[in-house]
Amino acid sequence: MTDTLRLLGISGSLRAASTNTQLVHECVRAFGPCDFTFGDIRFPLYDRDLEDAKGIPAAVQKLAEQALASDAIVISTPEYNKNLPGVLKNALDWLSRTKPAPLSGKPMAIVSAAAGRAGGERSQFSLRHCLTPFRPRILQGPEVMIAASGSAFDDDGQLKDAKSFEFLTTLMQDLRDEVIARAG
């Protein structure tokens, strides 16, 4: 671990105006001083024939290296049809093919922003399930789920609801503490 903690953020949404991307940036603000990297998950669909013919795509290898170099990871997932989005599952499928295992033992926080009233509760559950074989150290709470996310952020991309930011700050400080305890 370096003096400055290294945080990798991944948004499960590719939209330019994604509230999950905004939430990742709010996570950085709540985490405090760090060397932040935003992970890109614009990968081709996982296909073993593609992997056999061309190997691991450079973008996948880059994310794996970013994960390995990070001290902690935060993933923000939208909820698509009561589940995590396919693009995020695809990224995990590709990452599972890289060596060494980039998420193994990595301190991780999961958050979500969704249009629905549950704020991505089901997508968080499905993401936790999909991460099981990777064996990261996922914090169990507080759970941060931003409902009606289209109106949850101000013009500067910050959460409007003070209580939501308080939960997020607690989660991110716990993530910071986990990294420090692990290094200690």
# chains A, B, ... in the order shown; residues from 1 in each chain; ligands from 1
$ residues_around --residues "A:Asn90" --least-positions-apart "3" --cutoff "8 Å" --atoms "only C-alpha atoms" --output "PyMOL selection string"
chain A and resi 43+45-46+86-87+93-94
$ write_last_selection --atoms "N, CA and C atoms" --output "compact mmCIF listing (two decimals), in the first residue's frame"
# COMPACT_ATOMS: atom_id res chain seq x y z
N PHE A 43 -16.46 -3.61 -23.05
CA PHE A 43 -15.78 -4.79 -23.58
C PHE A 43 -16.66 -5.48 -24.62
N LEU A 45 -18.64 -8.71 -26.02
CA LEU A 45 -19.31 -9.77 -25.29
C LEU A 45 -18.35 -10.93 -25.11
N TYR A 46 -18.38 -11.52 -23.90
CA TYR A 46 -17.48 -12.64 -23.66
C TYR A 46 -17.82 -13.78 -24.61
N GLY A 86 -26.34 -6.44 -17.93
CA GLY A 86 -25.53 -7.39 -18.67
C GLY A 86 -24.09 -6.91 -18.87
N VAL A 87 -23.90 -5.62 -19.07
CA VAL A 87 -22.55 -5.10 -19.31
C VAL A 87 -21.66 -5.33 -18.08
N ASP A 93 -17.36 -11.60 -16.24
CA ASP A 93 -17.01 -12.82 -16.97
C ASP A 93 -15.63 -12.69 -17.60
N TRP A 94 -15.34 -11.55 -18.19
CA TRP A 94 -14.01 -11.33 -18.76
C TRP A 94 -12.95 -11.31 -17.67
$ residues_around --residues "stretch 36-39 of chain A" --least-positions-apart "4" --cutoff "7 Å" --atoms "only C-alpha atoms" --output "ChimeraX atom specification"
/A:6-10,63
$ write_last_selection --atoms "C-alpha atoms" --output "mmCIF file, in the first residue's frame"
data_model
loop_
_atom_site.group_PDB
_atom_site.id
_atom_site.type_symbol
_atom_site.label_atom_id
_atom_site.label_comp_id
_atom_site.auth_asym_id
_atom_site.auth_seq_id
_atom_site.Cartn_x
_atom_site.Cartn_y
_atom_site.Cartn_z
ATOM 1 C CA ARG A 6 -5.765 3.835 -4.547
ATOM 2 C CA LEU A 7 -9.501 3.526 -5.234
ATOM 3 C CA LEU A 8 -10.943 1.929 -8.371
ATOM 4 C CA GLY A 9 -14.510 2.869 -9.268
ATOM 5 C CA ILE A 10 -16.697 0.939 -11.685
ATOM 6 C CA LEU A 63 -9.143 -3.172 -15.911
#
$ atom_distance --atom1 "atom CA of A:Ala101" --atom2 "atom CA of A:Leu131"
12.0 Å
$ residues_around --residues "A:Leu92" --least-positions-apart "3" --cutoff "12 Å" --atoms "only C-alpha atoms" --output "ChimeraX atom specification"
/A:10,12,41-43,45-46,60,63-64,67,75,84-89,95-98,101-103,127-134
$ closest_atom_pairs --of "stretch 53-151 of chain A" --to "stretch 13-24 of chain A" --cutoff "9 Å" --atoms "only C-alpha atoms" --output "tab-separated table"
residue	atom	partner	partner_atom	distance
A:Val74	CA	A:Val24	CA	7.2
A:Ile75	CA	A:Val24	CA	7.3
A:Ser76	CA	A:Asn20	CA	5.5
A:Thr77	CA	A:Asn20	CA	6.3
A:Pro78	CA	A:Asn20	CA	6.4
A:Pro85	CA	A:Ser13	CA	7.5
A:Val87	CA	A:Ser13	CA	7.6
A:Leu88	CA	A:Ser13	CA	7.8
A:Val111	CA	A:Leu23	CA	7.9
A:Ser112	CA	A:Asn20	CA	6.5
A:Ala113	CA	A:Asn20	CA	5.5
A:Ala114	CA	A:Thr19	CA	7.8
A:Ile146	CA	A:Leu23	CA	8.7
A:Ser149	CA	A:Thr19	CA	6.3
A:Gly150	CA	A:Thr19	CA	6.8
$ write_last_selection --atoms "N, CA and C atoms" --output "tab-separated table (two decimals), in the first residue's frame"
chain	number	residue	atom	x	y	z
A	74	VAL	N	-14.95	0.19	-5.58
A	74	VAL	CA	-16.36	0.46	-5.38
A	74	VAL	C	-17.06	0.24	-6.72
A	75	ILE	N	-18.17	-0.50	-6.66
A	75	ILE	CA	-18.97	-0.77	-7.86
A	75	ILE	C	-20.37	-0.21	-7.61
A	76	SER	N	-20.83	0.60	-8.57
A	76	SER	CA	-22.19	1.12	-8.52
A	76	SER	C	-22.98	0.46	-9.63
A	77	THR	N	-24.09	-0.18	-9.27
A	77	THR	CA	-24.87	-0.92	-10.25
A	77	THR	C	-26.28	-0.36	-10.39
A	78	PRO	N	-26.72	-0.16	-11.64
A	78	PRO	CA	-28.15	0.11	-11.84
A	78	PRO	C	-28.92	-1.19	-11.73
A	85	PRO	N	-26.98	-5.18	-14.62
A	85	PRO	CA	-26.97	-5.04	-16.08
A	85	PRO	C	-26.01	-6.04	-16.72
A	87	VAL	N	-23.90	-5.62	-19.07
A	87	VAL	CA	-22.55	-5.10	-19.31
A	87	VAL	C	-21.66	-5.33	-18.08
A	88	LEU	N	-22.23	-5.24	-16.89
A	88	LEU	CA	-21.45	-5.47	-15.68
A	88	LEU	C	-21.15	-6.97	-15.51
A	111	VAL	N	-22.69	-0.17	-4.24
A	111	VAL	CA	-23.76	0.83	-4.10
A	111	VAL	C	-24.63	0.73	-5.35
A	112	SER	N	-25.78	1.38	-5.32
A	112	SER	CA	-26.64	1.35	-6.50
A	112	SER	C	-27.50	2.60	-6.58
A	113	ALA	N	-27.84	2.92	-7.82
A	113	ALA	CA	-28.77	4.01	-8.10
A	113	ALA	C	-29.71	3.50	-9.18
A	114	ALA	N	-31.00	3.65	-8.94
A	114	ALA	CA	-31.99	3.13	-9.88
A	114	ALA	C	-33.23	4.00	-9.88
A	146	ILE	N	-29.85	4.28	-3.91
A	146	ILE	CA	-30.43	5.57	-4.24
A	146	ILE	C	-31.63	5.35	-5.16
A	149	SER	N	-33.38	7.79	-8.84
A	149	SER	CA	-32.06	8.38	-9.01
A	149	SER	C	-32.01	9.54	-10.01
A	150	GLY	N	-32.97	9.61	-10.90
A	150	GLY	CA	-33.00	10.71	-11.87
A	150	GLY	C	-33.15	12.07	-11.23
$ residues_around --residues "A:Val144" --least-positions-apart "4" --cutoff "10 Å" --atoms "only C-alpha atoms" --output "ChimeraX atom specification"
/A:23,76,109-113,119-121,124,164-171
$ write_last_selection --atoms "N, CA and C atoms" --output "short mmCIF file (atom, residue, chain, number, x, y, z; two decimals), in the first residue's frame"
data_model
loop_
_atom_site.label_atom_id
_atom_site.label_comp_id
_atom_site.auth_asym_id
_atom_site.auth_seq_id
_atom_site.Cartn_x
_atom_site.Cartn_y
_atom_site.Cartn_z
N LEU A 23 -22.86 8.46 -8.84
CA LEU A 23 -22.74 7.87 -7.51
C LEU A 23 -21.30 7.40 -7.25
N SER A 76 -20.83 0.60 -8.57
CA SER A 76 -22.19 1.12 -8.52
C SER A 76 -22.98 0.46 -9.63
N ALA A 109 -16.81 -2.16 -1.92
CA ALA A 109 -18.12 -1.65 -1.53
C ALA A 109 -19.02 -1.68 -2.76
N ILE A 110 -20.28 -2.00 -2.53
CA ILE A 110 -21.28 -2.02 -3.58
C ILE A 110 -22.35 -0.98 -3.24
N VAL A 111 -22.69 -0.17 -4.24
CA VAL A 111 -23.76 0.83 -4.10
C VAL A 111 -24.63 0.73 -5.35
N SER A 112 -25.78 1.38 -5.32
CA SER A 112 -26.64 1.35 -6.50
C SER A 112 -27.50 2.60 -6.58
N ALA A 113 -27.84 2.92 -7.82
CA ALA A 113 -28.77 4.01 -8.10
C ALA A 113 -29.71 3.50 -9.18
N GLY A 119 -34.28 1.39 -5.28
CA GLY A 119 -32.94 1.93 -5.47
C GLY A 119 -31.89 0.93 -5.91
N GLY A 120 -32.31 -0.18 -6.47
CA GLY A 120 -31.34 -1.17 -6.95
C GLY A 120 -31.07 -2.30 -5.97
N GLU A 121 -31.98 -2.52 -5.06
CA GLU A 121 -31.80 -3.56 -4.05
C GLU A 121 -31.55 -4.93 -4.68
N GLN A 124 -28.10 -5.18 -6.38
CA GLN A 124 -27.02 -5.38 -5.41
C GLN A 124 -26.94 -6.84 -4.99
N SER A 164 -28.73 10.14 2.73
CA SER A 164 -28.10 9.23 1.77
C SER A 164 -26.60 9.44 1.73
N PHE A 165 -26.17 10.70 1.74
CA PHE A 165 -24.73 10.97 1.72
C PHE A 165 -24.08 10.54 3.04
N GLU A 166 -24.83 10.64 4.13
CA GLU A 166 -24.32 10.18 5.43
C GLU A 166 -24.07 8.66 5.40
N PHE A 167 -25.03 7.89 4.87
CA PHE A 167 -24.84 6.44 4.74
C PHE A 167 -23.65 6.14 3.82
N LEU A 168 -23.57 6.87 2.72
CA LEU A 168 -22.47 6.66 1.78
C LEU A 168 -21.13 6.97 2.43
N THR A 169 -21.08 8.04 3.20
CA THR A 169 -19.84 8.41 3.90
C THR A 169 -19.43 7.33 4.90
N THR A 170 -20.40 6.79 5.63
CA THR A 170 -20.10 5.71 6.57
C THR A 170 -19.54 4.50 5.83
N LEU A 171 -20.18 4.13 4.74
CA LEU A 171 -19.73 2.98 3.95
C LEU A 171 -18.31 3.22 3.43
#
$ select_by_dssp --residues "stretch 58-175 of chain A" --states "helix (DSSP H, G or I)" --output "ChimeraX atom specification"
/A:58-69,86-95,121-134,149-151,162-175
$ write_last_selection --atoms "N, CA and C atoms" --output "compact mmCIF listing (two decimals), in the first residue's frame"
# COMPACT_ATOMS: atom_id res chain seq x y z
N ALA A 58 -7.30 -5.98 -24.72
CA ALA A 58 -6.47 -5.01 -24.00
C ALA A 58 -7.27 -4.25 -22.95
N ALA A 59 -8.53 -3.90 -23.24
CA ALA A 59 -9.35 -3.16 -22.28
C ALA A 59 -9.64 -4.00 -21.04
N VAL A 60 -9.83 -5.29 -21.21
CA VAL A 60 -10.06 -6.19 -20.08
C VAL A 60 -8.78 -6.30 -19.25
N GLN A 61 -7.65 -6.49 -19.91
CA GLN A 61 -6.39 -6.59 -19.20
C GLN A 61 -6.09 -5.31 -18.43
N LYS A 62 -6.44 -4.16 -19.02
CA LYS A 62 -6.22 -2.88 -18.34
C LYS A 62 -7.04 -2.81 -17.06
N LEU A 63 -8.32 -3.20 -17.12
CA LEU A 63 -9.14 -3.17 -15.91
C LEU A 63 -8.61 -4.15 -14.87
N ALA A 64 -8.18 -5.32 -15.30
CA ALA A 64 -7.61 -6.30 -14.36
C ALA A 64 -6.39 -5.70 -13.67
N GLU A 65 -5.54 -5.03 -14.42
CA GLU A 65 -4.35 -4.40 -13.84
C GLU A 65 -4.72 -3.27 -12.89
N GLN A 66 -5.74 -2.50 -13.25
CA GLN A 66 -6.21 -1.43 -12.36
C GLN A 66 -6.75 -2.02 -11.06
N ALA A 67 -7.46 -3.12 -11.16
CA ALA A 67 -8.00 -3.77 -9.96
C ALA A 67 -6.86 -4.29 -9.09
N LEU A 68 -5.88 -4.92 -9.71
CA LEU A 68 -4.75 -5.45 -8.95
C LEU A 68 -3.97 -4.33 -8.26
N ALA A 69 -3.85 -3.18 -8.92
CA ALA A 69 -3.08 -2.06 -8.37
C ALA A 69 -3.85 -1.27 -7.32
N GLY A 86 -26.34 -6.44 -17.93
CA GLY A 86 -25.53 -7.39 -18.67
C GLY A 86 -24.09 -6.91 -18.87
N VAL A 87 -23.90 -5.62 -19.07
CA VAL A 87 -22.55 -5.10 -19.31
C VAL A 87 -21.66 -5.33 -18.08
N LEU A 88 -22.23 -5.24 -16.89
CA LEU A 88 -21.45 -5.47 -15.68
C LEU A 88 -21.15 -6.97 -15.51
N LYS A 89 -22.13 -7.82 -15.77
CA LYS A 89 -21.90 -9.26 -15.71
C LYS A 89 -20.87 -9.68 -16.75
N ASN A 90 -20.94 -9.09 -17.94
CA ASN A 90 -19.97 -9.38 -18.99
C ASN A 90 -18.56 -8.99 -18.54
N ALA A 91 -18.43 -7.84 -17.88
CA ALA A 91 -17.11 -7.41 -17.38
C ALA A 91 -16.57 -8.42 -16.37
N LEU A 92 -17.44 -8.91 -15.50
CA LEU A 92 -17.01 -9.90 -14.52
C LEU A 92 -16.61 -11.20 -15.21
N ASP A 93 -17.36 -11.60 -16.24
CA ASP A 93 -17.01 -12.82 -16.97
C ASP A 93 -15.63 -12.69 -17.60
N TRP A 94 -15.34 -11.55 -18.19
CA TRP A 94 -14.01 -11.33 -18.76
C TRP A 94 -12.95 -11.31 -17.67
N LEU A 95 -13.20 -10.58 -16.58
CA LEU A 95 -12.20 -10.51 -15.50
C LEU A 95 -11.88 -11.89 -14.94
N GLU A 121 -31.98 -2.52 -5.06
CA GLU A 121 -31.80 -3.56 -4.05
C GLU A 121 -31.55 -4.93 -4.68
N ARG A 122 -32.34 -5.28 -5.68
CA ARG A 122 -32.18 -6.59 -6.31
C ARG A 122 -30.88 -6.68 -7.11
N SER A 123 -30.49 -5.57 -7.74
CA SER A 123 -29.23 -5.62 -8.50
C SER A 123 -28.04 -5.78 -7.56
N GLN A 124 -28.10 -5.18 -6.38
CA GLN A 124 -27.02 -5.38 -5.41
C GLN A 124 -26.94 -6.84 -4.99
N PHE A 125 -28.11 -7.44 -4.75
CA PHE A 125 -28.14 -8.84 -4.36
C PHE A 125 -27.54 -9.72 -5.46
N SER A 126 -27.94 -9.46 -6.70
CA SER A 126 -27.43 -10.29 -7.80
C SER A 126 -25.93 -10.03 -8.03
N LEU A 127 -25.47 -8.80 -7.84
CA LEU A 127 -24.04 -8.51 -7.98
C LEU A 127 -23.23 -9.24 -6.91
N ARG A 128 -23.73 -9.22 -5.68
CA ARG A 128 -23.03 -9.95 -4.60
C ARG A 128 -22.91 -11.43 -4.96
N HIS A 129 -23.98 -11.98 -5.50
CA HIS A 129 -23.97 -13.39 -5.90
C HIS A 129 -22.94 -13.63 -7.01
N CYS A 130 -22.91 -12.76 -8.00
CA CYS A 130 -21.97 -12.93 -9.12
C CYS A 130 -20.52 -12.75 -8.69
N LEU A 131 -20.29 -12.02 -7.61
CA LEU A 131 -18.92 -11.80 -7.12
C LEU A 131 -18.41 -12.95 -6.25
N THR A 132 -19.29 -13.87 -5.85
CA THR A 132 -18.90 -14.96 -4.96
C THR A 132 -17.64 -15.70 -5.41
N PRO A 133 -17.53 -16.13 -6.66
CA PRO A 133 -16.33 -16.88 -7.03
C PRO A 133 -15.05 -16.04 -7.03
N PHE A 134 -15.18 -14.72 -7.05
CA PHE A 134 -14.00 -13.85 -7.06
C PHE A 134 -13.40 -13.68 -5.66
N SER A 149 -33.38 7.79 -8.84
CA SER A 149 -32.06 8.38 -9.01
C SER A 149 -32.01 9.54 -10.01
N GLY A 150 -32.97 9.61 -10.90
CA GLY A 150 -33.00 10.71 -11.87
C GLY A 150 -33.15 12.07 -11.23
N SER A 151 -33.69 12.10 -10.03
CA SER A 151 -33.85 13.38 -9.32
C SER A 151 -33.05 13.42 -8.01
N ALA A 162 -29.26 14.48 2.41
CA ALA A 162 -28.15 14.44 3.37
C ALA A 162 -28.02 13.07 4.03
N LYS A 163 -29.12 12.41 4.30
CA LYS A 163 -29.07 11.09 4.94
C LYS A 163 -28.41 10.06 4.02
N SER A 164 -28.73 10.14 2.73
CA SER A 164 -28.10 9.23 1.77
C SER A 164 -26.60 9.44 1.73
N PHE A 165 -26.17 10.70 1.74
CA PHE A 165 -24.73 10.97 1.72
C PHE A 165 -24.08 10.54 3.04
N GLU A 166 -24.83 10.64 4.13
CA GLU A 166 -24.32 10.18 5.43
C GLU A 166 -24.07 8.66 5.40
N PHE A 167 -25.03 7.89 4.87
CA PHE A 167 -24.84 6.44 4.74
C PHE A 167 -23.65 6.14 3.82
N LEU A 168 -23.57 6.87 2.72
CA LEU A 168 -22.47 6.66 1.78
C LEU A 168 -21.13 6.97 2.43
N THR A 169 -21.08 8.04 3.20
CA THR A 169 -19.84 8.41 3.90
C THR A 169 -19.43 7.33 4.90
N THR A 170 -20.40 6.79 5.63
CA THR A 170 -20.10 5.71 6.57
C THR A 170 -19.54 4.50 5.83
N LEU A 171 -20.18 4.13 4.74
CA LEU A 171 -19.73 2.98 3.95
C LEU A 171 -18.31 3.22 3.43
N MET A 172 -18.06 4.38 2.89
CA MET A 172 -16.75 4.65 2.30
C MET A 172 -15.67 4.80 3.37
N GLN A 173 -16.01 5.32 4.51
CA GLN A 173 -15.04 5.39 5.60
C GLN A 173 -14.73 3.98 6.12
N ASP A 174 -15.75 3.13 6.16
CA ASP A 174 -15.53 1.73 6.54
C ASP A 174 -14.62 1.04 5.51
N LEU A 175 -14.80 1.37 4.23
CA LEU A 175 -13.94 0.81 3.19
C LEU A 175 -12.50 1.29 3.40
$ residues_around --residues "A:Gly105" --least-positions-apart "6" --cutoff "6 Å" --atoms "only C-alpha atoms" --output "NGL selection string"
:A and (135-137)
$ write_last_selection --atoms "N, CA and C atoms" --output "CSV table (one decimal), in the first residue's frame"
chain,number,residue,atom,x,y,z
A,135,ARG,N,-14.2,-13.9,-4.6
A,135,ARG,CA,-13.8,-13.8,-3.2
A,135,ARG,C,-13.2,-12.5,-2.8
A,136,PRO,N,-13.9,-11.4,-3.2
A,136,PRO,CA,-13.5,-10.1,-2.6
A,136,PRO,C,-14.0,-10.0,-1.2
A,137,ARG,N,-13.5,-8.9,-0.5
A,137,ARG,CA,-13.9,-8.7,0.9
A,137,ARG,C,-15.0,-7.6,0.8
$ atom_distance --atom1 "atom CA of A:Asp161" --atom2 "atom CA of A:Pro33"
22.4 Å
$ atom_distance --atom1 "atom CA of A:Glu51" --atom2 "atom CA of A:Met108"
27.3 Å
$ closest_residue --among "A:Lys99, A:Lys54, A:Lys160, A:Lys106" --to "A:Glu178" --atoms "only C-alpha atoms"
A:Lys106
$ select_by_dssp --residues "chain A" --states "strand (DSSP E)" --output "PyMOL selection string"
chain A and resi 6-11+35-39+72-77+107-113+137-138+144-146
